[in-house]
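Source file: input33.pdb. Holds: PDB, C-alpha atoms.
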```
ATOM      1  CA  MET X   1       0.000   0.000   0.000  1.00  0.00           C
ATOM      2  CA  LYS X   2       1.246   3.446  -0.911  1.00  0.00           C
ATOM      3  CA  ALA X   3       0.046   6.487   0.999  1.00  0.00           C
ATOM      4  CA  VAL X   4      -0.887   9.739  -0.699  1.00  0.00           C
ATOM      5  CA  VAL X   5      -0.449  12.901   1.356  1.00  0.00           C
ATOM      6  CA  ILE X   6      -3.189  15.462   0.830  1.00  0.00           C
ATOM      7  CA  PRO X   7      -1.997  19.032   1.525  1.00  0.00           C
ATOM      8  CA  SER X   8      -3.615  21.092   4.236  1.00  0.00           C
ATOM      9  CA  VAL X   9      -6.691  23.039   3.275  1.00  0.00           C
ATOM     10  CA  PRO X  10      -7.731  26.340   4.853  1.00  0.00           C
ATOM     11  CA  GLY X  11      -8.931  25.616   8.363  1.00  0.00           C
ATOM     12  CA  GLY X  12      -8.004  21.955   7.939  1.00  0.00           C
ATOM     13  CA  SER X  13      -5.145  19.596   8.516  1.00  0.00           C
ATOM     14  CA  GLN X  14      -2.963  17.280   6.464  1.00  0.00           C
ATOM     15  CA  SER X  15      -4.439  13.865   5.636  1.00  0.00           C
ATOM     16  CA  THR X  16      -2.906  10.642   4.382  1.00  0.00           C
ATOM     17  CA  PHE X  17      -5.099   8.464   2.197  1.00  0.00           C
ATOM     18  CA  PRO X  18      -4.182   4.924   1.145  1.00  0.00           C
ATOM     19  CA  LYS X  19      -3.614   4.123  -2.535  1.00  0.00           C
ATOM     20  CA  VAL X  20      -5.772   1.086  -3.253  1.00  0.00           C
ATOM     21  CA  LYS X  21      -6.540  -0.818  -6.469  1.00  0.00           C
ATOM     22  CA  VAL X  22     -10.262  -0.739  -7.243  1.00  0.00           C
ATOM     23  CA  ALA X  23     -10.570  -2.296 -10.718  1.00  0.00           C
ATOM     24  CA  ASN X  24      -8.954  -2.632 -14.137  1.00  0.00           C
ATOM     25  CA  LEU X  25     -10.108  -0.852 -17.298  1.00  0.00           C
ATOM     26  CA  ALA X  26     -10.578  -4.211 -19.039  1.00  0.00           C
ATOM     27  CA  ASP X  27     -13.072  -5.346 -16.390  1.00  0.00           C
ATOM     28  CA  LEU X  28     -15.433  -2.356 -16.707  1.00  0.00           C
ATOM     29  CA  SER X  29     -18.607  -2.147 -18.778  1.00  0.00           C
ATOM     30  CA  THR X  30     -20.386   1.133 -19.443  1.00  0.00           C
ATOM     31  CA  GLY X  31     -23.198   1.678 -16.958  1.00  0.00           C
ATOM     32  CA  VAL X  32     -22.302  -1.255 -14.699  1.00  0.00           C
ATOM     33  CA  PRO X  33     -21.395   0.024 -11.205  1.00  0.00           C
ATOM     34  CA  VAL X  34     -18.552  -1.467  -9.178  1.00  0.00           C
ATOM     35  CA  ASN X  35     -18.914  -1.280  -5.393  1.00  0.00           C
ATOM     36  CA  PHE X  36     -15.861  -0.953  -3.158  1.00  0.00           C
ATOM     37  CA  TYR X  37     -14.848   0.332   0.280  1.00  0.00           C
ATOM     38  CA  TYR X  38     -12.551   3.351   0.660  1.00  0.00           C
ATOM     39  CA  PRO X  39     -10.761   4.959   2.478  1.00  0.00           C
ATOM     40  CA  LEU X  40     -11.978   2.877   5.435  1.00  0.00           C
ATOM     41  CA  ASP X  41     -13.223  -0.710   5.394  1.00  0.00           C
ATOM     42  CA  ASN X  42     -16.712   0.478   6.389  1.00  0.00           C
ATOM     43  CA  GLU X  43     -17.130   3.334   3.860  1.00  0.00           C
ATOM     44  CA  PRO X  44     -18.986   2.224   0.686  1.00  0.00           C
ATOM     45  CA  ASN X  45     -18.304   3.790  -2.718  1.00  0.00           C
ATOM     46  CA  VAL X  46     -19.462   3.306  -6.282  1.00  0.00           C
ATOM     47  CA  LEU X  47     -17.218   3.383  -9.378  1.00  0.00           C
ATOM     48  CA  VAL X  48     -18.891   3.577 -12.774  1.00  0.00           C
ATOM     49  CA  LYS X  49     -17.870   3.984 -16.407  1.00  0.00           C
ATOM     50  CA  LEU X  50     -20.423   6.529 -17.619  1.00  0.00           C
ATOM     51  CA  GLY X  51     -19.823   6.400 -21.368  1.00  0.00           C
ATOM     52  CA  GLN X  52     -19.387  10.183 -21.506  1.00  0.00           C
ATOM     53  CA  LYS X  53     -16.719  12.549 -20.250  1.00  0.00           C
ATOM     54  CA  ALA X  54     -17.161  13.593 -16.623  1.00  0.00           C
ATOM     55  CA  ASP X  55     -15.592  16.100 -14.219  1.00  0.00           C
ATOM     56  CA  GLY X  56     -12.739  14.283 -12.467  1.00  0.00           C
ATOM     57  CA  GLY X  57     -13.132  11.285 -14.784  1.00  0.00           C
ATOM     58  CA  VAL X  58     -10.190   9.031 -15.627  1.00  0.00           C
ATOM     59  CA  GLY X  59      -9.472   6.479 -18.320  1.00  0.00           C
ATOM     60  CA  PRO X  60      -9.181   6.917 -22.087  1.00  0.00           C
ATOM     61  CA  GLY X  61     -12.571   8.655 -22.354  1.00  0.00           C
ATOM     62  CA  GLY X  62     -12.345  10.541 -19.056  1.00  0.00           C
ATOM     63  CA  ASP X  63     -15.616   8.803 -18.177  1.00  0.00           C
ATOM     64  CA  ILE X  64     -14.737   6.679 -15.146  1.00  0.00           C
ATOM     65  CA  VAL X  65     -15.732   8.238 -11.815  1.00  0.00           C
ATOM     66  CA  ALA X  66     -16.284   7.132  -8.237  1.00  0.00           C
ATOM     67  CA  PHE X  67     -18.248   8.650  -5.379  1.00  0.00           C
ATOM     68  CA  SER X  68     -19.160   7.899  -1.794  1.00  0.00           C
ATOM     69  CA  ASP X  69     -22.240   5.676  -1.762  1.00  0.00           C
ATOM     70  CA  LEU X  70     -23.688   7.667   1.157  1.00  0.00           C
ATOM     71  CA  CYS X  71     -26.180  10.418   0.323  1.00  0.00           C
ATOM     72  CA  GLN X  72     -25.306  13.695   1.997  1.00  0.00           C
ATOM     73  CA  HIS X  73     -28.876  14.111   3.263  1.00  0.00           C
ATOM     74  CA  LEU X  74     -29.218  11.254   5.783  1.00  0.00           C
ATOM     75  CA  GLY X  75     -26.576   8.723   4.736  1.00  0.00           C
ATOM     76  CA  CYS X  76     -28.759   6.380   2.645  1.00  0.00           C
ATOM     77  CA  ASN X  77     -27.192   4.366  -0.185  1.00  0.00           C
ATOM     78  CA  TRP X  78     -28.030   5.800  -3.613  1.00  0.00           C
ATOM     79  CA  GLY X  79     -28.301   3.867  -6.875  1.00  0.00           C
ATOM     80  CA  TYR X  80     -26.895   4.454 -10.344  1.00  0.00           C
ATOM     81  CA  VAL X  81     -29.426   5.372 -13.054  1.00  0.00           C
ATOM     82  CA  PRO X  82     -28.265   5.595 -16.712  1.00  0.00           C
ATOM     83  CA  PRO X  83     -29.578   8.252 -19.115  1.00  0.00           C
ATOM     84  CA  GLY X  84     -33.167   7.414 -20.025  1.00  0.00           C
ATOM     85  CA  GLY X  85     -33.474   5.068 -17.048  1.00  0.00           C
ATOM     86  CA  SER X  86     -35.690   5.274 -13.996  1.00  0.00           C
ATOM     87  CA  PRO X  87     -35.077   4.133 -10.422  1.00  0.00           C
ATOM     88  CA  LYS X  88     -37.343   1.315  -9.170  1.00  0.00           C
ATOM     89  CA  VAL X  89     -38.656   3.572  -6.392  1.00  0.00           C
ATOM     90  CA  ASN X  90     -39.729   6.303  -8.850  1.00  0.00           C
ATOM     91  CA  PRO X  91     -40.619   4.948 -12.312  1.00  0.00           C
ATOM     92  CA  SER X  92     -41.986   8.351 -13.362  1.00  0.00           C
ATOM     93  CA  TYR X  93     -38.476   9.887 -13.127  1.00  0.00           C
ATOM     94  CA  SER X  94     -36.363   9.639 -16.283  1.00  0.00           C
ATOM     95  CA  ALA X  95     -32.660  10.464 -16.009  1.00  0.00           C
ATOM     96  CA  GLN X  96     -31.392  12.926 -18.627  1.00  0.00           C
ATOM     97  CA  VAL X  97     -27.722  12.219 -17.747  1.00  0.00           C
ATOM     98  CA  PRO X  98     -26.053   9.486 -15.669  1.00  0.00           C
ATOM     99  CA  VAL X  99     -27.228  10.137 -12.107  1.00  0.00           C
ATOM    100  CA  GLY X 100     -27.094   8.830  -8.595  1.00  0.00           C
ATOM    101  CA  TYR X 101     -30.642   8.577  -7.225  1.00  0.00           C
ATOM    102  CA  CYS X 102     -31.260   8.245  -3.490  1.00  0.00           C
ATOM    103  CA  PRO X 103     -34.298   6.041  -2.840  1.00  0.00           C
ATOM    104  CA  CYS X 104     -34.877   7.377   0.674  1.00  0.00           C
ATOM    105  CA  HIS X 105     -35.893  10.952  -0.143  1.00  0.00           C
ATOM    106  CA  GLY X 106     -35.271  11.449  -3.875  1.00  0.00           C
ATOM    107  CA  SER X 107     -31.980  13.336  -3.976  1.00  0.00           C
ATOM    108  CA  VAL X 108     -30.519  13.273  -7.505  1.00  0.00           C
ATOM    109  CA  PHE X 109     -26.813  13.759  -8.294  1.00  0.00           C
ATOM    110  CA  ASP X 110     -25.341  14.480 -11.758  1.00  0.00           C
ATOM    111  CA  LEU X 111     -22.383  12.092 -11.982  1.00  0.00           C
ATOM    112  CA  THR X 112     -20.940  13.933 -15.002  1.00  0.00           C
ATOM    113  CA  GLN X 113     -20.639  17.163 -12.979  1.00  0.00           C
ATOM    114  CA  ALA X 114     -18.886  15.954  -9.803  1.00  0.00           C
ATOM    115  CA  ALA X 115     -22.201  14.704  -8.322  1.00  0.00           C
ATOM    116  CA  LYS X 116     -23.809  18.145  -8.400  1.00  0.00           C
ATOM    117  CA  VAL X 117     -27.203  18.101  -6.671  1.00  0.00           C
ATOM    118  CA  LEU X 118     -29.989  18.218  -9.285  1.00  0.00           C
ATOM    119  CA  GLY X 119     -32.899  17.765  -6.903  1.00  0.00           C
ATOM    120  CA  GLY X 120     -34.088  16.537  -3.549  1.00  0.00           C
ATOM    121  CA  PRO X 121     -33.114  17.447  -0.022  1.00  0.00           C
ATOM    122  CA  SER X 122     -29.361  16.724  -0.140  1.00  0.00           C
ATOM    123  CA  PRO X 123     -27.531  19.898   0.900  1.00  0.00           C
ATOM    124  CA  ARG X 124     -24.251  18.899  -0.801  1.00  0.00           C
ATOM    125  CA  PRO X 125     -22.843  16.839  -3.673  1.00  0.00           C
ATOM    126  CA  LEU X 126     -21.467  13.368  -3.051  1.00  0.00           C
ATOM    127  CA  PRO X 127     -17.778  13.263  -2.066  1.00  0.00           C
ATOM    128  CA  GLN X 128     -15.778  12.212  -5.137  1.00  0.00           C
ATOM    129  CA  VAL X 129     -13.103   9.531  -4.883  1.00  0.00           C
ATOM    130  CA  GLN X 130      -9.883  10.661  -6.539  1.00  0.00           C
ATOM    131  CA  LEU X 131      -8.748   8.073  -9.066  1.00  0.00           C
ATOM    132  CA  GLU X 132      -5.556   7.256 -11.000  1.00  0.00           C
ATOM    133  CA  VAL X 133      -4.994   4.810 -13.861  1.00  0.00           C
ATOM    134  CA  ASP X 134      -1.576   3.201 -14.352  1.00  0.00           C
ATOM    135  CA  GLY X 135       0.038   1.877 -17.546  1.00  0.00           C
ATOM    136  CA  SER X 136      -1.494  -1.590 -17.126  1.00  0.00           C
ATOM    137  CA  GLY X 137      -5.013  -0.173 -16.813  1.00  0.00           C
ATOM    138  CA  ASP X 138      -5.315  -0.651 -13.069  1.00  0.00           C
ATOM    139  CA  ILE X 139      -7.550   1.964 -11.438  1.00  0.00           C
ATOM    140  CA  PHE X 140      -6.544   3.155  -7.979  1.00  0.00           C
ATOM    141  CA  ALA X 141      -8.387   5.195  -5.363  1.00  0.00           C
ATOM    142  CA  THR X 142      -5.939   7.781  -4.007  1.00  0.00           C
ATOM    143  CA  GLY X 143      -8.041  10.194  -1.957  1.00  0.00           C
ATOM    144  CA  MET X 144     -11.403  11.797  -1.345  1.00  0.00           C
ATOM    145  CA  GLY X 145     -12.568  15.252  -2.268  1.00  0.00           C
ATOM    146  CA  PRO X 146     -14.769  17.363  -0.014  1.00  0.00           C
ATOM    147  CA  PRO X 147     -17.357  17.497   1.367  1.00  0.00           C
ATOM    148  CA  ALA X 148     -16.374  14.954   3.993  1.00  0.00           C
ATOM    149  CA  ILE X 149     -18.032  11.522   3.845  1.00  0.00           C
ATOM    150  CA  PHE X 150     -21.448  11.543   5.544  1.00  0.00           C
ATOM    151  CA  GLY X 151     -20.998  11.172   9.299  1.00  0.00           C
ATOM    152  CA  HIS X 152     -17.340  12.278   9.246  1.00  0.00           C
ATOM    153  CA  GLY X 153     -17.588  16.042   9.680  1.00  0.00           C
ATOM    154  CA  THR X 154     -20.177  16.433   6.928  1.00  0.00           C
ATOM    155  CA  GLY X 155     -19.766  19.608   4.930  1.00  0.00           C
ATOM    156  CA  SER X 156     -16.237  20.266   6.120  1.00  0.00           C
ATOM    157  CA  THR X 157     -13.409  21.017   3.704  1.00  0.00           C
ATOM    158  CA  ASP X 158     -11.116  19.135   6.111  1.00  0.00           C
ATOM    159  CA  VAL X 159     -11.247  15.691   4.546  1.00  0.00           C
ATOM    160  CA  SER X 160      -8.949  14.269   7.240  1.00  0.00           C
ATOM    161  CA  ASN X 161     -12.188  13.468   9.100  1.00  0.00           C
ATOM    162  CA  ASP X 162     -12.809  10.834   6.400  1.00  0.00           C
ATOM    163  CA  LEU X 163      -9.944   8.824   7.890  1.00  0.00           C
ATOM    164  CA  LYS X 164     -11.552   8.500  11.351  1.00  0.00           C
ATOM    165  CA  GLY X 165     -13.962   5.841  12.553  1.00  0.00           C
ATOM    166  CA  GLY X 166     -12.734   2.640  10.930  1.00  0.00           C
ATOM    167  CA  ASN X 167      -9.780   0.734   9.587  1.00  0.00           C
ATOM    168  CA  PRO X 168      -7.943   1.966   6.478  1.00  0.00           C
ATOM    169  CA  VAL X 169      -8.447  -0.197   3.397  1.00  0.00           C
ATOM    170  CA  THR X 170      -5.247  -1.968   2.406  1.00  0.00           C
ATOM    171  CA  THR X 171      -6.157  -4.119  -0.607  1.00  0.00           C
TER     172      THR X 171
END
```
Whole structure, structure tokens version:
Amino acid sequence: MKAVVIPSVPGGSQSTFPKVKVANLADLSTGVPVNFYYPLDNEPNVLVKLGQKADGGVGPGGDIVAFSDLCQHLGCNWGYVPPGGSPKVNPSYSAQVPVGYCPCHGSVFDLTQAAKVLGGPSPRPLPQVQLEVDGSGDIFATGMGPPAIFGHGTGSTDVSNDLKGGNPVTT
């Protein structure tokens, strides 16, 4: 495991995130989410190849992104909905872009725009997992962007709180 040091942010402190392999480019299919835990072994995330360029996206098309799987409203797990698709809990909703849809209260996140809130009660976007791709196509999680993961100083720009409350992922 290689650690990545995240510089201090205003009002924050320095954080060290693990560098952990999540997937390989060859194993991904457009629109098929991959679940993984990061940066702690109890923090769920979702990686997805969107099929269109996205803010913070990696890979040849810049279309692979990952976000915390915890909605910033009350910490429910959201689900991926492709363009033109509808979540099971709301068949009348039709996604215009790839979105994360929270079944608890209907928050909608645009996954092409760093999980920008499109609707619902969530006060913030989903924290984005920072990704890297190496020469063999392996995709690594290397850090988390703010806001902090739900329940870890939510809304703070000090993402070091994301490293408290569990065991760091090592594989």
I'd like to know which of X:Gln130, X:Ser92, X:Thr142, X:Thr30 is closest to X:Thr170, using only C-alpha atoms.
X:Thr142
Mind listing as a list in words all residues within 9 Å of (-7.5, 0.4, 0.1), counting all atoms listed in the file?
Met1, Phe17, Pro18, Lys19, Val20, Lys21, Val22, Tyr37, Tyr38, Pro39, Leu40, Asp41, Phe140, Ala141, Thr142, Pro168, Val169, Thr170 and Thr171 of chain X
Point out the residue among X:Pro33, X:Gly137, X:Gly59, X:Pro147 with the least atom-to-atom distance to X:Cys71, counting only C-alpha atoms.
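The shortest atom-to-atom distance to X:Cys71 comes from X:Pro147.
When the PyMOL selection byres ((chain X and resi 106) around 10) is run on the displayed coordinates, the residues it returns are His73, Trp78, Pro87, Val89, Asn90, Tyr93, Gly100, Tyr101, Cys102, Pro103, Cys104, His105, Ser107, Val108, Phe109, Gly119, Gly120, Pro121 and Ser122 of chain X.
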Distance atom CA of X:Asn77-atom CA of X:Gly62, one decimal place?
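Computed distance, atom CA of X:Asn77 to atom CA of X:Gly62, equals 24.8 Å.
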Could you state which residues are captured by the PyMOL selection byres ((chain X and resi 63) around 12) in this file, as a ChimeraX atom specification?
/X:25,28-31,47-62,64-66,98,111-114,131
Give the answer as one residue: which of X:Val133, X:Gln96, X:Asp158, X:His152 has the shortest atom-to-atom distance to X:Ala26, using all atoms listed in the file?
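Among X:Val133, X:Gln96, X:Asp158, X:His152, it is X:Val133 that comes nearest to X:Ala26.
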Mind giving me the straight-line distance from atom CA of X:Asp27 to atom CA of X:Gly85 in Å, one decimal?
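A separation of 22.9 Å between them.
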Could you tell me how far atom CA of X:Pro82 lies from atom CA of X:Val34, in Å and to one decimal?
14.2 Å
Could you write out as a ChimeraX atom specification the residues that the PyMOL selection byres ((chain X and resi 124) around 8) matches in the shown file?
/X:72-73,116-117,122-123,125-126,147,155
Which residues come within 6 Å of X:Val129, counting all atoms listed in the file, excluding same-chain residues fewer than 3 positions away, as a VMD selection string?
chain X and resid 66 to 67 143 to 144
Filtering to C-alpha atoms, could you give me those residues as a PDB file, keeping the file's coordinate frame?
```pdb
ATOM      1  CA  ALA X  66     -16.284   7.132  -8.237  1.00  0.00           C
ATOM      2  CA  PHE X  67     -18.248   8.650  -5.379  1.00  0.00           C
ATOM      3  CA  GLY X 143      -8.041  10.194  -1.957  1.00  0.00           C
ATOM      4  CA  MET X 144     -11.403  11.797  -1.345  1.00  0.00           C
TER       5      MET X 144
END
```
For X:Gly151, which of X:Asn35, X:Thr16, X:Asn24, X:Asn42 is the closest residue, counting all atoms listed in the file?
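Comparing X:Asn35, X:Thr16, X:Asn24, X:Asn42 against X:Gly151, the winner is X:Asn42.
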Coordinates of box centre and edge lengths for stretch 31-35 of chain X, 3 Å on every side, axis-aligned, as AutoDock Vina command-line options:
```
--center_x -20.9 --center_y 0.1 --center_z -11.2 --size_x 10.6 --size_y 9.1 --size_z 17.6
```
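Taking only C-alpha atoms into account, X:Leu118 lies nearest to X:Val99 out of the set X:Ala148, X:Val99, X:Ser160, X:Gly84.
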Using the structure just given, write a file holding C-alpha atoms for stretch 78-156 of chain X, as a PDB file, in the first residue's frame.
```
ATOM      1  CA  TRP X  78     -28.030   5.800  -3.613  1.00  0.00           C
ATOM      2  CA  GLY X  79     -28.301   3.867  -6.875  1.00  0.00           C
ATOM      3  CA  TYR X  80     -26.895   4.454 -10.344  1.00  0.00           C
ATOM      4  CA  VAL X  81     -29.426   5.372 -13.054  1.00  0.00           C
ATOM      5  CA  PRO X  82     -28.265   5.595 -16.712  1.00  0.00           C
ATOM      6  CA  PRO X  83     -29.578   8.252 -19.115  1.00  0.00           C
ATOM      7  CA  GLY X  84     -33.167   7.414 -20.025  1.00  0.00           C
ATOM      8  CA  GLY X  85     -33.474   5.068 -17.048  1.00  0.00           C
ATOM      9  CA  SER X  86     -35.690   5.274 -13.996  1.00  0.00           C
ATOM     10  CA  PRO X  87     -35.077   4.133 -10.422  1.00  0.00           C
ATOM     11  CA  LYS X  88     -37.343   1.315  -9.170  1.00  0.00           C
ATOM     12  CA  VAL X  89     -38.656   3.572  -6.392  1.00  0.00           C
ATOM     13  CA  ASN X  90     -39.729   6.303  -8.850  1.00  0.00           C
ATOM     14  CA  PRO X  91     -40.619   4.948 -12.312  1.00  0.00           C
ATOM     15  CA  SER X  92     -41.986   8.351 -13.362  1.00  0.00           C
ATOM     16  CA  TYR X  93     -38.476   9.887 -13.127  1.00  0.00           C
ATOM     17  CA  SER X  94     -36.363   9.639 -16.283  1.00  0.00           C
ATOM     18  CA  ALA X  95     -32.660  10.464 -16.009  1.00  0.00           C
ATOM     19  CA  GLN X  96     -31.392  12.926 -18.627  1.00  0.00           C
ATOM     20  CA  VAL X  97     -27.722  12.219 -17.747  1.00  0.00           C
ATOM     21  CA  PRO X  98     -26.053   9.486 -15.669  1.00  0.00           C
ATOM     22  CA  VAL X  99     -27.228  10.137 -12.107  1.00  0.00           C
ATOM     23  CA  GLY X 100     -27.094   8.830  -8.595  1.00  0.00           C
ATOM     24  CA  TYR X 101     -30.642   8.577  -7.225  1.00  0.00           C
ATOM     25  CA  CYS X 102     -31.260   8.245  -3.490  1.00  0.00           C
ATOM     26  CA  PRO X 103     -34.298   6.041  -2.840  1.00  0.00           C
ATOM     27  CA  CYS X 104     -34.877   7.377   0.674  1.00  0.00           C
ATOM     28  CA  HIS X 105     -35.893  10.952  -0.143  1.00  0.00           C
ATOM     29  CA  GLY X 106     -35.271  11.449  -3.875  1.00  0.00           C
ATOM     30  CA  SER X 107     -31.980  13.336  -3.976  1.00  0.00           C
ATOM     31  CA  VAL X 108     -30.519  13.273  -7.505  1.00  0.00           C
ATOM     32  CA  PHE X 109     -26.813  13.759  -8.294  1.00  0.00           C
ATOM     33  CA  ASP X 110     -25.341  14.480 -11.758  1.00  0.00           C
ATOM     34  CA  LEU X 111     -22.383  12.092 -11.982  1.00  0.00           C
ATOM     35  CA  THR X 112     -20.940  13.933 -15.002  1.00  0.00           C
ATOM     36  CA  GLN X 113     -20.639  17.163 -12.979  1.00  0.00           C
ATOM     37  CA  ALA X 114     -18.886  15.954  -9.803  1.00  0.00           C
ATOM     38  CA  ALA X 115     -22.201  14.704  -8.322  1.00  0.00           C
ATOM     39  CA  LYS X 116     -23.809  18.145  -8.400  1.00  0.00           C
ATOM     40  CA  VAL X 117     -27.203  18.101  -6.671  1.00  0.00           C
ATOM     41  CA  LEU X 118     -29.989  18.218  -9.285  1.00  0.00           C
ATOM     42  CA  GLY X 119     -32.899  17.765  -6.903  1.00  0.00           C
ATOM     43  CA  GLY X 120     -34.088  16.537  -3.549  1.00  0.00           C
ATOM     44  CA  PRO X 121     -33.114  17.447  -0.022  1.00  0.00           C
ATOM     45  CA  SER X 122     -29.361  16.724  -0.140  1.00  0.00           C
ATOM     46  CA  PRO X 123     -27.531  19.898   0.900  1.00  0.00           C
ATOM     47  CA  ARG X 124     -24.251  18.899  -0.801  1.00  0.00           C
ATOM     48  CA  PRO X 125     -22.843  16.839  -3.673  1.00  0.00           C
ATOM     49  CA  LEU X 126     -21.467  13.368  -3.051  1.00  0.00           C
ATOM     50  CA  PRO X 127     -17.778  13.263  -2.066  1.00  0.00           C
ATOM     51  CA  GLN X 128     -15.778  12.212  -5.137  1.00  0.00           C
ATOM     52  CA  VAL X 129     -13.103   9.531  -4.883  1.00  0.00           C
ATOM     53  CA  GLN X 130      -9.883  10.661  -6.539  1.00  0.00           C
ATOM     54  CA  LEU X 131      -8.748   8.073  -9.066  1.00  0.00           C
ATOM     55  CA  GLU X 132      -5.556   7.256 -11.000  1.00  0.00           C
ATOM     56  CA  VAL X 133      -4.994   4.810 -13.861  1.00  0.00           C
ATOM     57  CA  ASP X 134      -1.576   3.201 -14.352  1.00  0.00           C
ATOM     58  CA  GLY X 135       0.038   1.877 -17.546  1.00  0.00           C
ATOM     59  CA  SER X 136      -1.494  -1.590 -17.126  1.00  0.00           C
ATOM     60  CA  GLY X 137      -5.013  -0.173 -16.813  1.00  0.00           C
ATOM     61  CA  ASP X 138      -5.315  -0.651 -13.069  1.00  0.00           C
ATOM     62  CA  ILE X 139      -7.550   1.964 -11.438  1.00  0.00           C
ATOM     63  CA  PHE X 140      -6.544   3.155  -7.979  1.00  0.00           C
ATOM     64  CA  ALA X 141      -8.387   5.195  -5.363  1.00  0.00           C
ATOM     65  CA  THR X 142      -5.939   7.781  -4.007  1.00  0.00           C
ATOM     66  CA  GLY X 143      -8.041  10.194  -1.957  1.00  0.00           C
ATOM     67  CA  MET X 144     -11.403  11.797  -1.345  1.00  0.00           C
ATOM     68  CA  GLY X 145     -12.568  15.252  -2.268  1.00  0.00           C
ATOM     69  CA  PRO X 146     -14.769  17.363  -0.014  1.00  0.00           C
ATOM     70  CA  PRO X 147     -17.357  17.497   1.367  1.00  0.00           C
ATOM     71  CA  ALA X 148     -16.374  14.954   3.993  1.00  0.00           C
ATOM     72  CA  ILE X 149     -18.032  11.522   3.845  1.00  0.00           C
ATOM     73  CA  PHE X 150     -21.448  11.543   5.544  1.00  0.00           C
ATOM     74  CA  GLY X 151     -20.998  11.172   9.299  1.00  0.00           C
ATOM     75  CA  HIS X 152     -17.340  12.278   9.246  1.00  0.00           C
ATOM     76  CA  GLY X 153     -17.588  16.042   9.680  1.00  0.00           C
ATOM     77  CA  THR X 154     -20.177  16.433   6.928  1.00  0.00           C
ATOM     78  CA  GLY X 155     -19.766  19.608   4.930  1.00  0.00           C
ATOM     79  CA  SER X 156     -16.237  20.266   6.120  1.00  0.00           C
TER      80      SER X 156
END
```
